>>> print(open('start_38.pdb').read())   # PDB, C-alpha atoms, pLDDT in the B column
ATOM      1  CA  MET A  16      62.536-170.154  26.397  1.00 71.00           C
ATOM      2  CA  ALA A  17      63.490-170.190  22.698  1.00 89.00           C
ATOM      3  CA  GLN A  18      61.031-171.314  20.077  1.00 97.00           C
ATOM      4  CA  ARG A  19      61.443-174.940  19.031  1.00 98.00           C
ATOM      5  CA  LEU A  20      61.284-176.586  15.585  1.00 98.00           C
ATOM      6  CA  ALA A  21      60.773-180.357  15.347  1.00 98.00           C
ATOM      7  CA  ILE A  22      61.262-182.073  11.983  1.00 98.00           C
ATOM      8  CA  ILE A  23      60.889-185.668  10.789  1.00 98.00           C
ATOM      9  CA  ALA A  24      62.936-186.701   7.722  1.00 98.00           C
ATOM     10  CA  THR A  25      61.622-189.899   6.133  1.00 98.00           C
ATOM     11  CA  LYS A  26      63.102-189.761   2.636  1.00 96.00           C
ATOM     12  CA  GLY A  27      66.738-190.137   1.620  1.00 95.00           C
ATOM     13  CA  THR A  28      66.745-188.634  -1.855  1.00 94.00           C
ATOM     14  CA  LEU A  29      68.756-185.552  -2.774  1.00 94.00           C
ATOM     15  CA  ASP A  30      65.657-183.424  -3.336  1.00 92.00           C
ATOM     16  CA  MET A  31      64.174-184.452   0.025  1.00 94.00           C
ATOM     17  CA  ALA A  32      67.379-184.043   2.056  1.00 97.00           C
ATOM     18  CA  TYR A  33      67.582-180.292   1.542  1.00 96.00           C
ATOM     19  CA  PRO A  34      64.276-179.061   3.068  1.00 97.00           C
ATOM     20  CA  PRO A  35      64.748-180.398   6.632  1.00 98.00           C
ATOM     21  CA  LEU A  36      68.421-179.377   6.745  1.00 98.00           C
ATOM     22  CA  ILE A  37      67.838-175.896   5.341  1.00 97.00           C
ATOM     23  CA  LEU A  38      64.877-175.247   7.638  1.00 98.00           C
ATOM     24  CA  ALA A  39      66.697-176.517  10.722  1.00 98.00           C
ATOM     25  CA  SER A  40      69.880-174.535   9.991  1.00 98.00           C
ATOM     26  CA  THR A  41      67.799-171.424   9.317  1.00 98.00           C
ATOM     27  CA  ALA A  42      65.882-171.943  12.572  1.00 98.00           C
ATOM     28  CA  VAL A  43      69.039-172.048  14.687  1.00 98.00           C
ATOM     29  CA  SER A  44      70.363-168.962  12.886  1.00 97.00           C
ATOM     30  CA  MET A  45      67.147-167.263  14.087  1.00 97.00           C
ATOM     31  CA  ASP A  46      67.890-168.338  17.687  1.00 97.00           C
ATOM     32  CA  MET A  47      65.385-171.181  17.613  1.00 98.00           C
ATOM     33  CA  GLU A  48      66.051-174.667  18.934  1.00 98.00           C
ATOM     34  CA  ALA A  49      65.819-177.361  16.241  1.00 98.00           C
ATOM     35  CA  GLY A  50      65.896-181.148  16.067  1.00 98.00           C
ATOM     36  CA  ILE A  51      65.511-183.557  13.155  1.00 98.00           C
ATOM     37  CA  PHE A  52      64.374-187.168  13.621  1.00 98.00           C
ATOM     38  CA  PHE A  53      65.678-189.292  10.725  1.00 98.00           C
ATOM     39  CA  THR A  54      63.633-192.415  10.117  1.00 98.00           C
ATOM     40  CA  LEU A  55      63.234-195.057   7.406  1.00 97.00           C
ATOM     41  CA  TYR A  56      64.992-193.929   4.196  1.00 97.00           C
ATOM     42  CA  GLY A  57      65.777-190.572   5.801  1.00 98.00           C
ATOM     43  CA  MET A  58      68.553-192.473   7.578  1.00 98.00           C
ATOM     44  CA  ASP A  59      70.579-192.200   4.330  1.00 98.00           C
ATOM     45  CA  ILE A  60      71.040-188.492   5.091  1.00 98.00           C
ATOM     46  CA  LEU A  61      72.987-189.403   8.243  1.00 98.00           C
ATOM     47  CA  ASN A  62      74.822-192.362   6.684  1.00 98.00           C
ATOM     48  CA  LYS A  63      78.431-191.251   6.180  1.00 97.00           C
ATOM     49  CA  LYS A  64      78.880-193.507   3.132  1.00 97.00           C
ATOM     50  CA  LYS A  65      75.626-192.458   1.438  1.00 97.00           C
ATOM     51  CA  ASN A  66      74.899-188.805   2.238  1.00 96.00           C
ATOM     52  CA  GLY A  67      77.351-187.424  -0.326  1.00 95.00           C
ATOM     53  CA  HIS A  68      75.856-189.608  -3.052  1.00 95.00           C
ATOM     54  CA  LEU A  69      72.095-189.130  -2.681  1.00 96.00           C
ATOM     55  CA  LYS A  70      70.133-189.349  -5.917  1.00 93.00           C
ATOM     56  CA  VAL A  71      66.966-187.929  -7.468  1.00 88.00           C
ATOM     57  CA  ALA A  72      64.585-190.428  -9.020  1.00 76.00           C
ATOM     58  CA  PRO A  73      62.643-189.103 -12.015  1.00 70.00           C
ATOM     59  CA  LEU A  74      60.208-192.036 -11.862  1.00 58.00           C
ATOM     60  CA  GLY A  75      56.920-190.788 -10.425  1.00 53.00           C
ATOM     61  CA  ASN A  76      58.378-187.362  -9.640  1.00 59.00           C
ATOM     62  CA  PRO A  77      56.027-184.806 -11.228  1.00 54.00           C
ATOM     63  CA  ALA A  78      58.024-181.874  -9.863  1.00 56.00           C
ATOM     64  CA  MET A  79      61.052-182.485 -12.091  1.00 57.00           C
ATOM     65  CA  PRO A  80      62.068-179.307 -13.984  1.00 56.00           C
ATOM     66  CA  MET A  81      61.266-181.137 -17.205  1.00 56.00           C
ATOM     67  CA  PRO A  82      58.306-183.473 -16.578  1.00 57.00           C
ATOM     68  CA  VAL A  83      59.377-187.018 -17.339  1.00 56.00           C
ATOM     69  CA  PRO A  84      56.738-189.614 -18.266  1.00 55.00           C
ATOM     70  CA  ASN A  85      56.983-192.667 -15.982  1.00 50.00           C
ATOM     71  CA  LEU A  86      57.951-194.893 -18.890  1.00 46.00           C
ATOM     72  CA  VAL A  87      60.920-192.648 -19.730  1.00 54.00           C
ATOM     73  CA  GLY A  88      61.824-192.287 -16.038  1.00 50.00           C
ATOM     74  CA  ALA A  89      62.180-196.074 -15.817  1.00 55.00           C
ATOM     75  CA  ILE A  90      64.855-196.197 -18.521  1.00 59.00           C
ATOM     76  CA  PRO A  91      68.291-197.106 -17.113  1.00 66.00           C
ATOM     77  CA  GLY A  92      70.438-194.029 -16.608  1.00 66.00           C
ATOM     78  CA  MET A  93      67.568-191.587 -16.037  1.00 69.00           C
ATOM     79  CA  THR A  94      68.186-191.396 -12.282  1.00 73.00           C
ATOM     80  CA  ALA A  95      71.847-190.542 -12.912  1.00 79.00           C
ATOM     81  CA  MET A  96      70.809-187.900 -15.437  1.00 75.00           C
ATOM     82  CA  ALA A  97      68.215-186.355 -13.092  1.00 76.00           C
ATOM     83  CA  THR A  98      70.734-186.366 -10.230  1.00 75.00           C
ATOM     84  CA  THR A  99      73.407-184.698 -12.370  1.00 81.00           C
ATOM     85  CA  MET A 100      70.861-182.117 -13.485  1.00 82.00           C
ATOM     86  CA  MET A 101      69.819-181.299  -9.922  1.00 80.00           C
ATOM     87  CA  LYS A 102      73.408-181.155  -8.653  1.00 82.00           C
ATOM     88  CA  GLY A 103      74.146-178.670 -11.453  1.00 83.00           C
ATOM     89  CA  MET A 104      71.195-176.504 -10.404  1.00 82.00           C
ATOM     90  CA  ILE A 105      72.335-176.660  -6.758  1.00 86.00           C
ATOM     91  CA  LYS A 106      75.895-175.701  -7.681  1.00 88.00           C
ATOM     92  CA  LYS A 107      74.646-172.823  -9.847  1.00 91.00           C
ATOM     93  CA  ILE A 108      72.921-171.212  -6.860  1.00 89.00           C
ATOM     94  CA  SER A 109      75.858-172.007  -4.539  1.00 89.00           C
ATOM     95  CA  TRP A 110      73.980-174.164  -2.071  1.00 92.00           C
ATOM     96  CA  PRO A 111      76.130-176.291   0.216  1.00 96.00           C
ATOM     97  CA  THR A 112      76.334-180.049  -0.326  1.00 95.00           C
ATOM     98  CA  ILE A 113      74.412-182.340   2.022  1.00 97.00           C
ATOM     99  CA  PRO A 114      77.575-183.164   4.059  1.00 97.00           C
ATOM    100  CA  GLU A 115      78.344-179.430   4.316  1.00 97.00           C
ATOM    101  CA  LEU A 116      74.765-178.670   5.349  1.00 97.00           C
ATOM    102  CA  LEU A 117      74.936-181.379   8.019  1.00 98.00           C
ATOM    103  CA  ASP A 118      78.085-179.692   9.371  1.00 98.00           C
ATOM    104  CA  ILE A 119      76.306-176.327   9.385  1.00 98.00           C
ATOM    105  CA  CYS A 120      73.377-177.852  11.268  1.00 98.00           C
ATOM    106  CA  HIS A 121      75.643-179.517  13.814  1.00 98.00           C
ATOM    107  CA  GLU A 122      77.712-176.367  14.365  1.00 98.00           C
ATOM    108  CA  GLY A 123      74.503-174.423  14.912  1.00 98.00           C
ATOM    109  CA  GLY A 124      73.265-176.883  17.526  1.00 98.00           C
ATOM    110  CA  VAL A 125      70.623-178.779  15.538  1.00 98.00           C
ATOM    111  CA  LYS A 126      69.957-182.163  17.120  1.00 98.00           C
ATOM    112  CA  LEU A 127      70.390-184.899  14.481  1.00 98.00           C
ATOM    113  CA  TRP A 128      68.565-187.947  15.847  1.00 98.00           C
ATOM    114  CA  PRO A 129      68.638-191.324  14.076  1.00 98.00           C
ATOM    115  CA  CYS A 130      65.625-193.587  14.649  1.00 98.00           C
ATOM    116  CA  GLN A 131      66.587-196.657  16.672  1.00 98.00           C
ATOM    117  CA  PRO A 132      63.901-198.981  15.213  1.00 98.00           C
ATOM    118  CA  SER A 133      64.842-197.916  11.661  1.00 98.00           C
ATOM    119  CA  MET A 134      68.475-198.673  12.430  1.00 98.00           C
ATOM    120  CA  GLU A 135      67.545-202.140  13.666  1.00 98.00           C
ATOM    121  CA  MET A 136      65.283-202.835  10.677  1.00 97.00           C
ATOM    122  CA  MET A 137      67.876-201.650   8.137  1.00 97.00           C
ATOM    123  CA  ASN A 138      70.877-203.145   9.954  1.00 98.00           C
ATOM    124  CA  ILE A 139      72.540-199.749  10.470  1.00 98.00           C
ATOM    125  CA  ARG A 140      75.028-199.275  13.287  1.00 98.00           C
ATOM    126  CA  GLN A 141      75.810-195.986  15.055  1.00 97.00           C
ATOM    127  CA  GLN A 142      79.332-196.114  13.556  1.00 97.00           C
ATOM    128  CA  ASP A 143      77.757-196.116  10.045  1.00 98.00           C
ATOM    129  CA  LEU A 144      76.456-192.637  10.748  1.00 98.00           C
ATOM    130  CA  ILE A 145      78.210-189.286  10.672  1.00 98.00           C
ATOM    131  CA  PRO A 146      79.970-188.489  13.958  1.00 97.00           C
ATOM    132  CA  GLU A 147      77.638-185.512  14.462  1.00 97.00           C
ATOM    133  CA  ALA A 148      74.595-187.807  14.783  1.00 98.00           C
ATOM    134  CA  GLU A 149      73.149-187.991  18.272  1.00 98.00           C
ATOM    135  CA  GLU A 150      72.564-191.267  20.073  1.00 97.00           C
ATOM    136  CA  ALA A 151      69.676-193.097  18.380  1.00 98.00           C
ATOM    137  CA  ILE A 152      66.216-192.570  19.872  1.00 98.00           C
ATOM    138  CA  GLY A 153      62.749-194.029  19.451  1.00 98.00           C
ATOM    139  CA  ALA A 154      59.376-192.492  18.717  1.00 97.00           C
ATOM    140  CA  ALA A 155      58.474-191.810  22.348  1.00 98.00           C
ATOM    141  CA  THR A 156      61.624-189.775  22.982  1.00 98.00           C
ATOM    142  CA  TYR A 157      61.143-187.792  19.778  1.00 98.00           C
ATOM    143  CA  LEU A 158      57.476-187.164  20.587  1.00 97.00           C
ATOM    144  CA  GLU A 159      58.434-185.779  24.006  1.00 98.00           C
ATOM    145  CA  TYR A 160      60.648-183.271  22.162  1.00 98.00           C
ATOM    146  CA  ALA A 161      58.041-182.534  19.464  1.00 98.00           C
ATOM    147  CA  ALA A 162      55.258-182.063  22.008  1.00 98.00           C
ATOM    148  CA  GLN A 163      57.094-178.959  23.228  1.00 97.00           C
ATOM    149  CA  ALA A 164      57.700-177.622  19.689  1.00 98.00           C
ATOM    150  CA  ASP A 165      56.204-174.421  18.326  1.00 97.00           C
ATOM    151  CA  VAL A 166      56.543-175.748  14.754  1.00 97.00           C
ATOM    152  CA  THR A 167      56.533-179.373  13.599  1.00 97.00           C
ATOM    153  CA  LEU A 168      57.233-180.498  10.025  1.00 97.00           C
ATOM    154  CA  ALA A 169      57.543-183.822   8.236  1.00 97.00           C
ATOM    155  CA  PHE A 170      59.379-184.599   5.006  1.00 94.00           C
TER     156      PHE A 170
END
>>> encode(input="start_38.pdb", output="structure tokens")
Amino acid sequence: MAQRLAIIATKGTLDMAYPPLILASTAVSMDMEAGIFFTLYGMDILNKKKNGHLKVAPLGNPAMPMPVPNLVGAIPGMTAMATTMMKGMIKKISWPTIPELLDICHEGGVKLWPCQPSMEMMNIRQQDLIPEAEEAIGAATYLEYAAQADVTLAF
């Protein structure tokens, strides 16, 4: 039996979309089984209208390359500037975009599970999601998968 990686993605910002997708795609390239459970704002990663336009918020984000005081981060236009800056850094190192990384994950066999309760709460329909998304599941189904995992991560 192959090793299994179980990931929960709870945030839908550009900087938080990369870790679960990179780790899952790397896992399957290493002959591991991988599944990501997208819940709450992490649902934006699977949303076909949003995943190509994820943003980075400088407000309260101490890990920004140039630390931004909260007062400055609240100024209109700072999120757009931080997002442009991060997209430039991503392009410079030739990382794939989030939609491209989702394709890589799907092609490698990563299970991309949307959270059913999050979909209900946020009024998201299955057709709002990328076609590669699995049928929505709840916590119990995900936990059955995660209980058999060798590695579990949350973002």
>>> resolve_selection(input="start_38.pdb", expression="the PyMOL selection byres ((chain A and resi 112-120) around 12)", output="PyMOL selection string")
chain A and resi 27-44+48-51+59-70+101-106+108-111+121-127+144-148
>>> resolve_selection(input="start_38.pdb", expression="the PyMOL selection byres ((chain A and resi 23) around 9)", output="NGL selection string")
:A and (21-22 or 24-25 or 35 or 50-54 or 57 or 167-170)
>>> closest_residue(input="start_38.pdb", among="A:Thr99, A:Asp46, A:Glu135, A:Met16", to="Val71 (chain A)", atoms="all atoms listed in the file")
A:Thr99
>>> atom_distance(input="start_38.pdb", atom1="CA of Glu149 (chain A)", atom2="CA of Tyr56 (chain A)")
17.3 Å
>>> atom_distance(input="start_38.pdb", atom1="CA of Ile152 (chain A)", atom2="CA of Met134 (chain A)")
9.9 Å
>>> closest_residue(input="start_38.pdb", among="A:Leu55, A:Leu20, A:Met100, A:Met45", to="Met136 (chain A)", atoms="only C-alpha atoms")
A:Leu55
>>> atom_distance(input="start_38.pdb", atom1="CA of Met58 (chain A)", atom2="CA of Tyr157 (chain A)")
15.0 Å
>>> closest_residue(input="start_38.pdb", among="A:Thr156, A:Pro73, A:Arg140, A:Ala97", to="Trp128 (chain A)", atoms="all atoms listed in the file")
A:Thr156
>>> axis_aligned_box(input="start_38.pdb", around="region 144-151 of chain A", padding_each_side="6 Å", output="JSON")
{"center_x": 74.8, "center_y": -189.3, "center_z": 15.4, "size_x": 22.3, "size_y": 19.6, "size_z": 21.4}
>>> residues_around(input="start_38.pdb", residues="Gln163 (chain A)", least_positions_apart="3", cutoff="9 Å", atoms="only C-alpha atoms", output="PyMOL selection string")
chain A and resi 19+21+158-160
>>> resolve_selection(input="start_38.pdb", expression="the PyMOL selection byres ((chain A and resi 131) around 6)", output="PyMOL selection string")
chain A and resi 130+132-134+151-153
>>> decode(input="start_38.pdb", residues="region 130-168 of chain A", atoms="N, CA and C atoms", output="tab-separated table (two decimals), in the first residue's frame")
chain	number	residue	atom	x	y	z
A	130	CYS	N	-15.68	20.85	0.50
A	130	CYS	CA	-16.43	20.59	1.73
A	130	CYS	C	-17.90	20.90	1.51
A	131	GLN	N	-18.75	19.91	1.68
A	131	GLN	CA	-20.19	20.09	1.46
A	131	GLN	C	-20.79	21.16	2.38
A	132	PRO	N	-20.53	21.13	3.70
A	132	PRO	CA	-21.10	22.18	4.56
A	132	PRO	C	-20.62	23.58	4.18
A	133	SER	N	-19.35	23.72	3.79
A	133	SER	CA	-18.85	25.03	3.36
A	133	SER	C	-19.57	25.49	2.11
A	134	MET	N	-19.83	24.57	1.21
A	134	MET	CA	-20.56	24.92	-0.02
A	134	MET	C	-21.95	25.43	0.32
A	135	GLU	N	-22.62	24.75	1.24
A	135	GLU	CA	-23.97	25.16	1.64
A	135	GLU	C	-23.93	26.54	2.30
A	136	MET	N	-22.98	26.74	3.21
A	136	MET	CA	-22.88	27.99	3.95
A	136	MET	C	-22.57	29.16	3.02
A	137	MET	N	-21.73	28.93	2.01
A	137	MET	CA	-21.27	30.00	1.13
A	137	MET	C	-22.05	30.05	-0.19
A	138	ASN	N	-23.11	29.24	-0.28
A	138	ASN	CA	-23.95	29.20	-1.46
A	138	ASN	C	-23.15	28.90	-2.74
A	139	ILE	N	-22.31	27.89	-2.66
A	139	ILE	CA	-21.49	27.45	-3.80
A	139	ILE	C	-22.09	26.16	-4.34
A	140	ARG	N	-22.22	26.09	-5.64
A	140	ARG	CA	-22.74	24.89	-6.29
A	140	ARG	C	-21.59	24.10	-6.91
A	141	GLN	N	-21.77	22.82	-7.11
A	141	GLN	CA	-20.72	21.98	-7.72
A	141	GLN	C	-20.29	22.55	-9.07
A	142	GLN	N	-21.24	23.11	-9.84
A	142	GLN	CA	-20.90	23.66	-11.15
A	142	GLN	C	-20.09	24.95	-11.06
A	143	ASP	N	-19.97	25.55	-9.86
A	143	ASP	CA	-19.12	26.73	-9.66
A	143	ASP	C	-17.65	26.33	-9.55
A	144	LEU	N	-17.42	25.05	-9.34
A	144	LEU	CA	-16.07	24.55	-9.11
A	144	LEU	C	-15.44	24.05	-10.40
A	145	ILE	N	-14.12	23.91	-10.37
A	145	ILE	CA	-13.42	23.37	-11.53
A	145	ILE	C	-13.94	21.95	-11.81
A	146	PRO	N	-13.93	21.52	-13.06
A	146	PRO	CA	-14.44	20.19	-13.37
A	146	PRO	C	-13.66	19.06	-12.69
A	147	GLU	N	-12.40	19.34	-12.34
A	147	GLU	CA	-11.56	18.32	-11.71
A	147	GLU	C	-11.91	18.07	-10.25
A	148	ALA	N	-12.73	18.93	-9.65
A	148	ALA	CA	-13.13	18.75	-8.25
A	148	ALA	C	-13.96	17.48	-8.11
A	149	GLU	N	-13.69	16.76	-7.06
A	149	GLU	CA	-14.47	15.55	-6.75
A	149	GLU	C	-15.86	15.96	-6.28
A	150	GLU	N	-16.71	14.99	-6.08
A	150	GLU	CA	-18.02	15.23	-5.46
A	150	GLU	C	-17.77	15.74	-4.04
A	151	ALA	N	-18.53	16.72	-3.60
A	151	ALA	CA	-18.36	17.30	-2.28
A	151	ALA	C	-18.55	16.26	-1.19
A	152	ILE	N	-17.75	16.39	-0.12
A	152	ILE	CA	-17.84	15.47	1.02
A	152	ILE	C	-17.91	16.27	2.31
A	153	GLY	N	-18.24	15.58	3.39
A	153	GLY	CA	-18.27	16.20	4.71
A	153	GLY	C	-17.09	15.76	5.55
A	154	ALA	N	-17.06	16.23	6.77
A	154	ALA	CA	-15.94	15.97	7.67
A	154	ALA	C	-15.74	14.48	7.94
A	155	ALA	N	-16.82	13.75	8.13
A	155	ALA	CA	-16.68	12.33	8.46
A	155	ALA	C	-16.00	11.55	7.33
A	156	THR	N	-16.38	11.84	6.11
A	156	THR	CA	-15.77	11.15	4.96
A	156	THR	C	-14.29	11.51	4.86
A	157	TYR	N	-13.98	12.80	5.02
A	157	TYR	CA	-12.57	13.20	4.97
A	157	TYR	C	-11.77	12.54	6.10
A	158	LEU	N	-12.34	12.52	7.30
A	158	LEU	CA	-11.63	11.93	8.44
A	158	LEU	C	-11.38	10.44	8.24
A	159	GLU	N	-12.28	9.74	7.58
A	159	GLU	CA	-12.03	8.32	7.26
A	159	GLU	C	-10.79	8.20	6.38
A	160	TYR	N	-10.65	9.11	5.41
A	160	TYR	CA	-9.47	9.13	4.54
A	160	TYR	C	-8.22	9.50	5.35
A	161	ALA	N	-8.32	10.57	6.14
A	161	ALA	CA	-7.17	11.07	6.89
A	161	ALA	C	-6.71	10.10	7.96
A	162	ALA	N	-7.64	9.32	8.51
A	162	ALA	CA	-7.27	8.36	9.55
A	162	ALA	C	-6.30	7.30	9.03
A	163	GLN	N	-6.30	7.09	7.74
A	163	GLN	CA	-5.40	6.11	7.12
A	163	GLN	C	-4.14	6.77	6.53
A	164	ALA	N	-3.97	8.07	6.78
A	164	ALA	CA	-2.85	8.81	6.20
A	164	ALA	C	-1.58	8.64	7.02
A	165	ASP	N	-0.45	8.65	6.32
A	165	ASP	CA	0.86	8.61	6.97
A	165	ASP	C	1.28	10.02	7.37
A	166	VAL	N	0.81	11.01	6.61
A	166	VAL	CA	1.12	12.43	6.86
A	166	VAL	C	-0.18	13.21	6.73
A	167	THR	N	-0.46	14.07	7.71
A	167	THR	CA	-1.61	14.97	7.62
A	167	THR	C	-1.11	16.40	7.85
A	168	LEU	N	-1.64	17.32	7.05
A	168	LEU	CA	-1.24	18.73	7.12
A	168	LEU	C	-2.47	19.61	7.01
